[in-house]
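Accompanying notes for the structure given below.
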Amino acid sequence: MGREKEFTAILEQIKKKARAGQNFITSTEIEEAFSALSLSTEQMDMVYAYLRENKIGIDEPADMDAGLEEEERNYLDSYLEALTAIPGATEGEREAITLSAMAGDPDAVERLTELMLPEVPQIAKLYTGQGVSLEDLIGEGNVALSLGVTMLGALEHAHEARGMLGRMIMDAMEDCITASEAEEKADQKIADKVNKVADAANVLREELRRAVTVEELMEETGFSRKAIEDAVRISGGSIESIAMK
């Protein structure tokens, strides 16, 4: 494994370890994880900054509400207020409910889902500021929770359920962010192609002092007919420099 790949792998391991430990990790653990790479002080500072930007507490708990927009705070307050209507349960009651859910009791599955619902927004706060709204993150987490409580039969002990469901909720939110980033990159790629066609058409129009045909633009730029026609279509016909027949 190359040094860069090893660095990235270690960083991801640290993030996962922190997420599993109430989103908290010590500086000693971080330094031990990177010890084989012999990073400079400046490089370690960059690691710490990256982790803090991802709301991971180092040597002390992170402020999970930091960075929330006012709209997100208002939504979160309303959402948590609605959840206060759900009756709580003692640890003993929760364990009994979990065991019944593991055995496939539909009432216990529903009740355990209710008990886990308040944990979803707390997990969602870990992932805010990464291109997906808090509301959408909570929605993805709730879907994962609803699915996860039906899969507890694979566990041996009730105390494992909370961790399993938490990981499923986190995975769902991370997948949502990844999908959003991929979509954003795809949208940007399309926008870049449209802009290239539009810019080339504008330059040629200045030279000819009139709107240009697709054929003229193809000959001048080497763009394919499909690329030009797709750009015009995606732009909603707003590339005025191209005269479409």
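Ordering of the structure tokens sets the chain letters (A, B, ...); residue numbers start at 1 within each chain; ligands are numbered from 1 in the order shown.
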As a ChimeraX atom specification, please: the residues near His159 in chain A (cut-off 9 Å, only C-alpha atoms, same-chain neighbours under 3 positions excluded).
/A:95,98,156,162-163
Selected residues written out, N, CA and C atoms, as an mmCIF file, in the first residue's frame:
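Here's the written file selection13.cif:
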data_model
loop_
_atom_site.group_PDB
_atom_site.id
_atom_site.type_symbol
_atom_site.label_atom_id
_atom_site.label_comp_id
_atom_site.auth_asym_id
_atom_site.auth_seq_id
_atom_site.Cartn_x
_atom_site.Cartn_y
_atom_site.Cartn_z
ATOM 1 N N GLU A 95 -34.231 -4.139 27.487
ATOM 2 C CA GLU A 95 -33.608 -5.418 27.176
ATOM 3 C C GLU A 95 -34.671 -6.463 26.826
ATOM 4 N N THR A 98 -35.996 -5.733 23.431
ATOM 5 C CA THR A 98 -35.008 -6.105 22.422
ATOM 6 C C THR A 98 -35.002 -7.610 22.193
ATOM 7 N N GLU A 156 -26.727 -12.534 18.874
ATOM 8 C CA GLU A 156 -26.768 -13.505 19.967
ATOM 9 C C GLU A 156 -27.207 -12.869 21.277
ATOM 10 N N ARG A 162 -28.147 -2.272 20.006
ATOM 11 C CA ARG A 162 -27.987 -0.822 19.899
ATOM 12 C C ARG A 162 -26.824 -0.466 18.973
ATOM 13 N N GLY A 163 -25.710 -1.180 19.133
ATOM 14 C CA GLY A 163 -24.553 -0.914 18.294
ATOM 15 C C GLY A 163 -24.818 -1.241 16.838
#
So that I can check the surroundings of Ala62 in chain A, please list as a list in words every protein, DNA and RNA residue that reaches within 8 Å of it, counting only C-alpha atoms and ignoring chain neighbours fewer than 2 positions away.
Asn23, Phe24, Arg52, Lys55, Ile56, Gly57, Ile58, Glu60 and Met64 of chain A
Given the selection you just returned, output its residues as a file containing all heavy atoms, formatted as a PDB file, in the first residue's frame.
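again10.pdb, freshly written:
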ATOM      1  N   ASN A  23     -18.374   9.478  19.183  1.00  0.00           N
ATOM      2  CA  ASN A  23     -17.755  10.526  18.367  1.00  0.00           C
ATOM      3  C   ASN A  23     -16.633  11.252  19.114  1.00  0.00           C
ATOM      4  O   ASN A  23     -16.494  12.469  19.049  1.00  0.00           O
ATOM      5  CB  ASN A  23     -18.797  11.548  17.909  1.00  0.00           C
ATOM      6  CG  ASN A  23     -18.494  12.037  16.509  1.00  0.00           C
ATOM      7  OD1 ASN A  23     -18.205  11.250  15.637  1.00  0.00           O
ATOM      8  ND2 ASN A  23     -18.548  13.332  16.303  1.00  0.00           N
ATOM      9  N   PHE A  24     -15.816  10.467  19.794  1.00  0.00           N
ATOM     10  CA  PHE A  24     -14.760  11.019  20.631  1.00  0.00           C
ATOM     11  C   PHE A  24     -13.527  10.125  20.516  1.00  0.00           C
ATOM     12  O   PHE A  24     -13.634   8.904  20.465  1.00  0.00           O
ATOM     13  CB  PHE A  24     -15.255  11.070  22.081  1.00  0.00           C
ATOM     14  CG  PHE A  24     -14.187  11.394  23.084  1.00  0.00           C
ATOM     15  CD1 PHE A  24     -13.862  12.699  23.370  1.00  0.00           C
ATOM     16  CD2 PHE A  24     -13.516  10.380  23.757  1.00  0.00           C
ATOM     17  CE1 PHE A  24     -12.884  13.003  24.308  1.00  0.00           C
ATOM     18  CE2 PHE A  24     -12.535  10.675  24.693  1.00  0.00           C
ATOM     19  CZ  PHE A  24     -12.223  11.994  24.976  1.00  0.00           C
ATOM     20  N   ARG A  52     -11.793  17.600  13.504  1.00  0.00           N
ATOM     21  CA  ARG A  52     -12.688  18.573  14.146  1.00  0.00           C
ATOM     22  C   ARG A  52     -13.741  19.079  13.167  1.00  0.00           C
ATOM     23  O   ARG A  52     -14.895  19.308  13.551  1.00  0.00           O
ATOM     24  CB  ARG A  52     -11.872  19.731  14.718  1.00  0.00           C
ATOM     25  CG  ARG A  52     -11.008  19.332  15.909  1.00  0.00           C
ATOM     26  CD  ARG A  52     -10.412  20.548  16.599  1.00  0.00           C
ATOM     27  NE  ARG A  52      -9.604  20.158  17.750  1.00  0.00           N
ATOM     28  CZ  ARG A  52      -8.278  20.065  17.742  1.00  0.00           C
ATOM     29  NH1 ARG A  52      -7.604  20.346  16.626  1.00  0.00           N
ATOM     30  NH2 ARG A  52      -7.619  19.711  18.820  1.00  0.00           N
ATOM     31  N   LYS A  55     -16.618  16.996  13.087  1.00  0.00           N
ATOM     32  CA  LYS A  55     -17.310  16.953  14.379  1.00  0.00           C
ATOM     33  C   LYS A  55     -16.885  15.767  15.235  1.00  0.00           C
ATOM     34  O   LYS A  55     -17.709  15.130  15.887  1.00  0.00           O
ATOM     35  CB  LYS A  55     -18.822  16.959  14.167  1.00  0.00           C
ATOM     36  CG  LYS A  55     -19.321  18.199  13.457  1.00  0.00           C
ATOM     37  CD  LYS A  55     -20.828  18.262  13.426  1.00  0.00           C
ATOM     38  CE  LYS A  55     -21.289  19.559  12.785  1.00  0.00           C
ATOM     39  NZ  LYS A  55     -22.749  19.665  12.748  1.00  0.00           N
ATOM     40  N   ILE A  56     -15.593  15.486  15.204  1.00  0.00           N
ATOM     41  CA  ILE A  56     -15.046  14.444  16.058  1.00  0.00           C
ATOM     42  C   ILE A  56     -14.277  15.120  17.195  1.00  0.00           C
ATOM     43  O   ILE A  56     -13.363  15.917  16.951  1.00  0.00           O
ATOM     44  CB  ILE A  56     -14.116  13.506  15.269  1.00  0.00           C
ATOM     45  CG1 ILE A  56     -14.946  12.694  14.267  1.00  0.00           C
ATOM     46  CG2 ILE A  56     -13.348  12.588  16.201  1.00  0.00           C
ATOM     47  CD1 ILE A  56     -14.127  11.825  13.341  1.00  0.00           C
ATOM     48  N   GLY A  57     -14.674  14.829  18.417  1.00  0.00           N
ATOM     49  CA  GLY A  57     -14.032  15.421  19.570  1.00  0.00           C
ATOM     50  C   GLY A  57     -12.665  14.795  19.817  1.00  0.00           C
ATOM     51  O   GLY A  57     -12.510  13.583  19.731  1.00  0.00           O
ATOM     52  N   ILE A  58     -11.672  15.637  20.127  1.00  0.00           N
ATOM     53  CA  ILE A  58     -10.316  15.162  20.415  1.00  0.00           C
ATOM     54  C   ILE A  58      -9.976  15.550  21.850  1.00  0.00           C
ATOM     55  O   ILE A  58      -9.884  16.733  22.180  1.00  0.00           O
ATOM     56  CB  ILE A  58      -9.296  15.781  19.443  1.00  0.00           C
ATOM     57  CG1 ILE A  58      -9.664  15.420  17.994  1.00  0.00           C
ATOM     58  CG2 ILE A  58      -7.883  15.306  19.767  1.00  0.00           C
ATOM     59  CD1 ILE A  58      -8.828  16.127  16.957  1.00  0.00           C
ATOM     60  N   GLU A  60     -11.735  15.781  24.239  1.00  0.00           N
ATOM     61  CA  GLU A  60     -12.934  16.289  24.907  1.00  0.00           C
ATOM     62  C   GLU A  60     -14.100  16.201  23.931  1.00  0.00           C
ATOM     63  O   GLU A  60     -13.892  16.218  22.709  1.00  0.00           O
ATOM     64  CB  GLU A  60     -12.739  17.739  25.361  1.00  0.00           C
ATOM     65  CG  GLU A  60     -12.473  18.720  24.232  1.00  0.00           C
ATOM     66  CD  GLU A  60     -12.243  20.131  24.748  1.00  0.00           C
ATOM     67  OE1 GLU A  60     -12.109  20.289  25.971  1.00  0.00           O
ATOM     68  OE2 GLU A  60     -12.222  21.060  23.928  1.00  0.00           O
ATOM     69  N   MET A  64     -21.821  19.117  19.267  1.00  0.00           N
ATOM     70  CA  MET A  64     -22.544  18.572  18.129  1.00  0.00           C
ATOM     71  C   MET A  64     -23.510  19.568  17.495  1.00  0.00           C
ATOM     72  O   MET A  64     -23.961  19.370  16.375  1.00  0.00           O
ATOM     73  CB  MET A  64     -23.295  17.305  18.539  1.00  0.00           C
ATOM     74  CG  MET A  64     -22.393  16.211  19.100  1.00  0.00           C
ATOM     75  SD  MET A  64     -20.936  15.926  18.063  1.00  0.00           S
ATOM     76  CE  MET A  64     -21.719  15.481  16.535  1.00  0.00           C
TER      77      MET A  64
END
Can you pull out the residues contacting Ser180 in chain A? Cut-off 10 Å, using only C-alpha atoms, and skip same-chain residues under 6 positions away; I want them as a PDB file with N, CA and C atoms, in the first residue's frame.
ATOM      1  N   GLN A 130     -22.268  18.528   5.190  1.00  0.00           N
ATOM      2  CA  GLN A 130     -21.600  17.749   4.141  1.00  0.00           C
ATOM      3  C   GLN A 130     -22.469  17.608   2.891  1.00  0.00           C
ATOM      4  N   GLY A 131     -23.325  18.590   2.669  1.00  0.00           N
ATOM      5  CA  GLY A 131     -24.099  18.621   1.430  1.00  0.00           C
ATOM      6  C   GLY A 131     -25.475  17.998   1.497  1.00  0.00           C
ATOM      7  N   VAL A 132     -25.852  17.445   2.655  1.00  0.00           N
ATOM      8  CA  VAL A 132     -27.181  16.851   2.809  1.00  0.00           C
ATOM      9  C   VAL A 132     -27.852  17.508   4.007  1.00  0.00           C
ATOM     10  N   GLU A 174     -24.036   8.025   5.658  1.00  0.00           N
ATOM     11  CA  GLU A 174     -22.810   8.165   4.873  1.00  0.00           C
ATOM     12  C   GLU A 174     -23.064   7.836   3.405  1.00  0.00           C
ATOM     13  N   ALA A 186     -21.648  14.857 -10.987  1.00  0.00           N
ATOM     14  CA  ALA A 186     -22.246  14.584 -12.301  1.00  0.00           C
ATOM     15  C   ALA A 186     -22.901  15.841 -12.858  1.00  0.00           C
TER      16      ALA A 186
END
Could you give me, as a ChimeraX atom specification, the residues within 12 Å of Ala89 in chain A, counting only C-alpha atoms and dropping anything in the same chain fewer than 2 positions from it?
/A:86-87,91-98,111-112,114-116
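The spacing separating CA of Tyr50 in chain A from CA of Glu32 in chain A amounts to 17.1 Å.
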Running DSSP on the backbone, which parts of range 84-222 of chain A land in helix (DSSP H, G or I), as a ChimeraX atom specification?
/A:91-102,106-116,119-127,134-148,152-154,160-208,214-221
Give me, please, the distance in Å between CA of Glu240 in chain A and CA of Gly222 in chain A, quoted to one decimal.
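CA of Gly222 in chain A lies at a distance of 19.6 Å from CA of Glu240 in chain A.
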